[in-house]
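Undergrad: Quick one: the structure is below, and I'll ask about it shortly.
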Amino acid sequence: MKSFKARSLFRLVVGASVLAIAAPGVALAQDEAAAPAPQDGPVTQDDTGEEIVVTGIRASLRASADIKRDAYGVVDAISAEDIGKFPDTNLAESLQRITGVSIDRSNGEGQFVTVRGFGPEFNLVTLNGRQMPTSSLGDGASAPASRSFDFANLASEGIAGVEVYKTGRASIPSGGIGSSINIRTPRPFDRPGLRGSVSAKAVYDTSYNQGTEITPEFSGLVSNTFADDRIGVLLVGSYQRRKASTNTANVGWRDGYLGSDVDVWGQLPTNGNAINRPGPNDVYQVAQNASYDLNDIDRERINGQAVLQFRPIDSLTATVDYTYSRNTVEVRNSNVGIWFNHGDTSSEWTDGPVAGPIFYSERFGAAERKDLSYSGSLVANRSENKSLGANLRWDAPGNMTMELDFHSSSAESKPTNKYGSSVSVGNAVFGVASQTINFDNDLPVISYVMQPGVDALDRSLITPTGNSFRNAYFRNDIDQIQLRGRYDHDGGFLDSIDFGVSYTENKVRSAYGFVQNESWSGAGPASDIPDDIFSLVSLPDKFKGVSGAGAGMIPSFYTFDFERMVDLIENKYQVCSDPQTGKAAPGTCLADYTVDRRTSEKMLSPYLQVANKFDLFGNPAHLVAGVRYEHTVIDSQALVPVPVGTSWNAANEFYVILSDESQFTGFKGNYQNWLPSIDFDVSPFQNVKLRASYSHTITRADYGSLQGGLTLDSQFRIANGTGSRGNPGLMPFKSKNIDLSAEWYYAPTSYVSVGYFRKNVSNFISQERVTQEAFGLRTVAGGPRYLAAVAALGPNAGADAIRSYIFNNFPESTEFEGLDPAGNPKGRIFALPEDPLLEFQIQTPVNSSQTAVLQGWEFALQHSFWDTGFGVILNYTKVDGDAVYDNTKPSSVTQFALTGLSDSANAVAFYDKNGLQARVAWNWRDKFLTQSGPNPFYIEEYWQIDASASYEVIKGLTAFVEGINLTNEGRRGHLRSERNVNFASPGYARYSAGVRFNF
């Protein structure tokens, strides 16, 4: 229903706009002619020949349209409406207004971008043409490995524009098969003289669980030129604080079973307790756990930039700039949850072939001590980016321009406290009699019944259980030098020649460690924790607007003072100073790193691009052809535990013995790519452009896949061991792209366009198992002692009997620890040099032979309604791929599917006249697959409405208001069936108001 409404709304807006545009063409040509004379911006002329300067929304739209029209290939752009004023408060939120661009949100804000169905790791982001490092820890629960650029680190106030290159070009850095996104920052010579902007804003986020809190945002920009515009200085600074909450219902699922599966733990019983049990060929998934999570967010963002420009002579410009950003995010989680043991269950199911649950329930005996979990977590990390750059541009004689550019940039993410980047602490009330999840609504309705005499809201019964302290670190350093040249030819077929070379050294360190205590049945008595540490909170009101919230769900639960709790359990149980797993730095819970990946990429990239202009049947045309060569050398190392031997510890348990020290092991790789590109455009009529482009683009593998270390799993079976290693020799993803488009620029800020794109992508990454020996490790199985036992006991001797024989006859190679209840020896039997070498099945990433074709259509309309001040921006993108996930196949069937593919649309209505600006924006993205593998994961259709308005009270002083997600749209995700809900979260509006002064 929601999908139908969203599409209908979009069609209605499109239809109304098309009817308006059907007015006489003479009126269309007057869009800007009668515009009032603002203070700065693009210049036009009125009927008397006097210049009129346009600012605000129309200035931004005109500048963006000019970039799109004049570019080679397919380029879309967003330009600042004025100095210090970008259209949206978040760069990602602005980018989603571009045709074919969708965003991923985190904590209610845009964070990563998807372009034409390719996710954030497939899009290269540059800052002023420089490849920038990126750093983010996500949830901090594993070693980070992504190349994705986190747009949440950058404030929009210091941005002059963003360009999205959708077609490959030899002169554009490689790395994005989805797109290359260039962020432009202002320069003092862009607008000579004294100019500036100062703004103050108050932000109110209605999602915040802790009540009403107004947070501040400040920004300032000042630019000036001196000495007859020979020297320029620009300073930018911004401070933003935001407090918000995201409340989520989560359900974890087991793999997709066939109805015919038997003897699999978690499968549905055949005793009649499963109503409408899935048939033999139906696929279904069973809930493993569920929880209601309340997340309180505190985010602080600081940005700054300083630019110095010097022009000693007209033909020589030197620029030095420093860019800084710091994003500190703290998320406090409180949750109540249940886990299923898949014993005495009952359930009901929809019809197949993908059967979805109607409800799933389980009952427990009093002796089982089934727990209701009251847990909490703290994620607290800071990402800091620094970039120092220098640029020298020389407008040489003979129509030559030479440019030398260098930058040294770093990005670093690490925790901000003594506990770690992501910390989880568990508590529980034991005594659940039954628990149920109902899936009839958008919100999974979780409920429970306690055993007689047990009150889940009795604080004195809350018992401390397990905990985990995860510590992650990520640092990315990039040093890059680029030499660019351009020759502009006067007249003739040849228009220009671009050439250059860049050398980039990219260093990445990704580290991770954890300390953990598996005391889930209870670390100590409930009396160890004082009752006043707990606070009762209600739940239904935290999920307002989501169907299912209310009667029937868990009504309330206890949260706790996180820091106080950690200090208590450390004093009581030494959870950090003497954990069951891992080791922490003295006096902290910061785990020592057990994973430490260090990857170095060195890239040499020369390019040549030739632009030609000519007449085609009397019409102006351009042909641009180029080639870029990429040579990449990779040296990747990883810290891995050093195995020193193996032991046989129990009947079916063999273990790798690790030393107390770790060492770096590494691998190397290299590859070369020739990346051709060709762009053609022709104007068969005035203000009409037809384009055709062909290019090759690449995206490099994620850092985790490139890691150099060989890591062995600690436990192995009698036949072989297992482990994993990275592969620095992975080839990059490669896409062969075709683009066709038609554009009509019928007025200065108005155009309509349609485009078709097709991408043929290869070198996808899959996993392969390789059999090999490792570290010279040997195994007792099959060795002389083992064979002697078999010879003495017979070929049918059991493992316990063989172990007893070795303990009795070869005691010098064992560590005896007593007898178990059955009378069998306990202890370890060590492998000896005379034992056979142990083989391991090593999982490693490889480039698969699979290819995928992605294709789609883009439609865009930007229109200003004559001299009324009103206008609309409409766009729609349709994307399809030939690698689609089949939900009807069980998890045992390996599938390959393209992720991130979805249709998307935007509808923006604006008004800009007489000092008043207003904008209403509707953004929609259809359902898309975000994860494949054994089980699919889909994000459901989502749309939201944002609005903003400003009024220039007096010249230069503007008051403004903004609203984000005005209709409180929530989000939801599911697996195979829409009833296999993975998460459901309500949405909340965010409001801000402030003043801005421009001079």
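Residues are referred to by chain and number: the chain letter is A, B, ... according to the order shown in the structure tokens, the number counts from 1 in that chain, and ligands are numbered separately from 1 in the order shown.
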Extract the full set of strand (DSSP E or B) residues from range 337-481 of chain A according to DSSP on the backbone, and format it as number ranges by chain.

TA: A: 337-339, 344-349, 354-355, 357-363, 371-396, 400-415, 422-430, 432-438, 445-450, 463-481

Undergrad: For Ile481 in chain A, please output as JSON, numbers by chain all residues within 6 Å (counting only C-alpha atoms; exclusion window: fewer than 4 positions along the same chain).

TA: {"A": [405, 406, 502, 503]}

Undergrad: Deliver the residues from the most recent selection as a file, using N, CA and C atoms, as an mmCIF file, in the first residue's frame.

TA:
data_model
loop_
_atom_site.group_PDB
_atom_site.id
_atom_site.type_symbol
_atom_site.label_atom_id
_atom_site.label_comp_id
_atom_site.auth_asym_id
_atom_site.auth_seq_id
_atom_site.Cartn_x
_atom_site.Cartn_y
_atom_site.Cartn_z
ATOM 1 N N ASP A 405 49.944 19.497 -8.081
ATOM 2 C CA ASP A 405 49.119 19.414 -6.875
ATOM 3 C C ASP A 405 49.653 18.305 -5.968
ATOM 4 N N PHE A 406 49.730 18.623 -4.680
ATOM 5 C CA PHE A 406 50.196 17.640 -3.694
ATOM 6 C C PHE A 406 49.329 17.745 -2.448
ATOM 7 N N SER A 502 49.616 10.895 -11.963
ATOM 8 C CA SER A 502 49.505 11.003 -10.512
ATOM 9 C C SER A 502 50.168 9.788 -9.868
ATOM 10 N N TYR A 503 50.737 10.047 -8.710
ATOM 11 C CA TYR A 503 51.315 8.954 -7.915
ATOM 12 C C TYR A 503 50.661 9.024 -6.536
#

Undergrad: Enumerate as a PyMOL selection string all residues of range 426-534 of chain A assigned to helix (DSSP H, G or I) by DSSP on the backbone, naming them with the chain letters and numbers the document uses.

TA: chain A and resi 459-461+526-528+531-533

Undergrad: Between A:Arg241, A:Arg369, A:Arg564, A:Arg191, which is the closest to Asp205 in chain A once you count only C-alpha atoms?

TA: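 Comparing A:Arg241, A:Arg369, A:Arg564, A:Arg191 against Asp205 in chain A, the winner is A:Arg241.
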
Undergrad: Would you please work out which residue, of A:Gly666, A:Gly196, A:Pro415, A:Pro353, is nearest to Leu957 in chain A when using only C-alpha atoms?

TA: A:Gly196

Undergrad: Tell me which of A:Thr967, A:Ser373, A:Ser519, A:Ser199 sits closest to Tyr448 in chain A, counting only C-alpha atoms.

TA: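 Answer, going by the shortest atom-to-atom distance: A:Ser373.
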
Undergrad: From the list A:Val454, A:Thr559, A:Ile313, A:Lys734, which residue is nearest Asn295 in chain A when using only C-alpha atoms?

TA: A:Thr559

Undergrad: Which residue is closest to Phe757 in chain A? Choose from A:Glu969, A:Asp880, A:Asp344, A:Asp835 and count only C-alpha atoms.

TA: A:Asp880

Undergrad: Using 12 Å as the limit and counting only C-alpha atoms, can you tabulate each residue of range 353-387 of chain A that touches range 246-260 of chain A, with its shortest atom-to-atom distance in Å and the two atoms involved, as CSV?

TA:
residue,atom,partner,partner_atom,distance
A:Pro353,CA,A:Leu258,CA,9.7
A:Val354,CA,A:Gly256,CA,9.5
A:Ala355,CA,A:Gly259,CA,9.4
A:Gly356,CA,A:Gly256,CA,11.0
A:Pro357,CA,A:Trp253,CA,11.4
A:Tyr360,CA,A:Val251,CA,11.7

Undergrad: Rounded to one decimal place, report the CA of Thr134 in chain A-CA of Asn385 in chain A distance in Å.

TA: 7.8 Å

Undergrad: Taking only C-alpha atoms into account, which of A:Ser735, A:Thr749, A:Asn673, A:Gln767 comes nearest Asn847 in chain A?

TA: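 Looking at the shortest contact to Asn847 in chain A, the residue is A:Gln767.
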
Undergrad: Using only C-alpha atoms, determine which residues lie at most 10 Å from Arg116 in chain A, disregarding the query and same-chain residues fewer than 5 positions distant; provide the list as a list in words.

TA: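 Once the nearby chain positions are removed, what remains is Thr99, Gly100, Val101, Ser102, Lys166, Ile177, Gly178, Ser179, Phe757, Arg758, Lys759, Leu854, Gln855, Gly856, Trp857, Glu858, Thr877, Lys878, Val879, Asp880, Gly900, Leu901, Ser902, Asp903 and Ser904 of chain A.
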
Undergrad: Would you list the contacts of His622 in chain A as a VMD selection string, taking every protein, DNA or RNA residue within 6 Å and counting only C-alpha atoms, but skipping same-chain residues closer than 2 positions in sequence?

TA: chain A and resid 612 to 613 680 to 681

Undergrad: Expressed in Å to a single decimal, how great is the separation between CA of Pro525 in chain A and CA of Gly513 in chain A?

TA: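 For CA of Pro525 in chain A relative to CA of Gly513 in chain A, the distance reads 28.9 Å.
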
Undergrad: Taking 2 positions as the minimum chain separation for residues in the same chain, which residues sit within 9 Å of Phe775 in chain A when counting only C-alpha atoms? Answer as a list in words.

TA: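 Within the cut-off, the hits are Val642, Pro643, Val644, Gly645, Glu773 and Leu777 of chain A.
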
Undergrad: Could those selected residues go to a file with C-alpha atoms, as a short mmCIF file (atom, residue, chain, number, x, y, z; two decimals), in the first residue's frame?

TA:
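Written out: out25.cif:
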data_model
loop_
_atom_site.label_atom_id
_atom_site.label_comp_id
_atom_site.auth_asym_id
_atom_site.auth_seq_id
_atom_site.Cartn_x
_atom_site.Cartn_y
_atom_site.Cartn_z
CA VAL A 642 51.89 -17.77 16.05
CA PRO A 643 51.00 -21.48 16.24
CA VAL A 644 53.64 -23.57 18.02
CA GLY A 645 51.96 -26.98 18.05
CA GLU A 773 49.97 -27.12 5.32
CA LEU A 777 52.04 -28.03 12.34
#
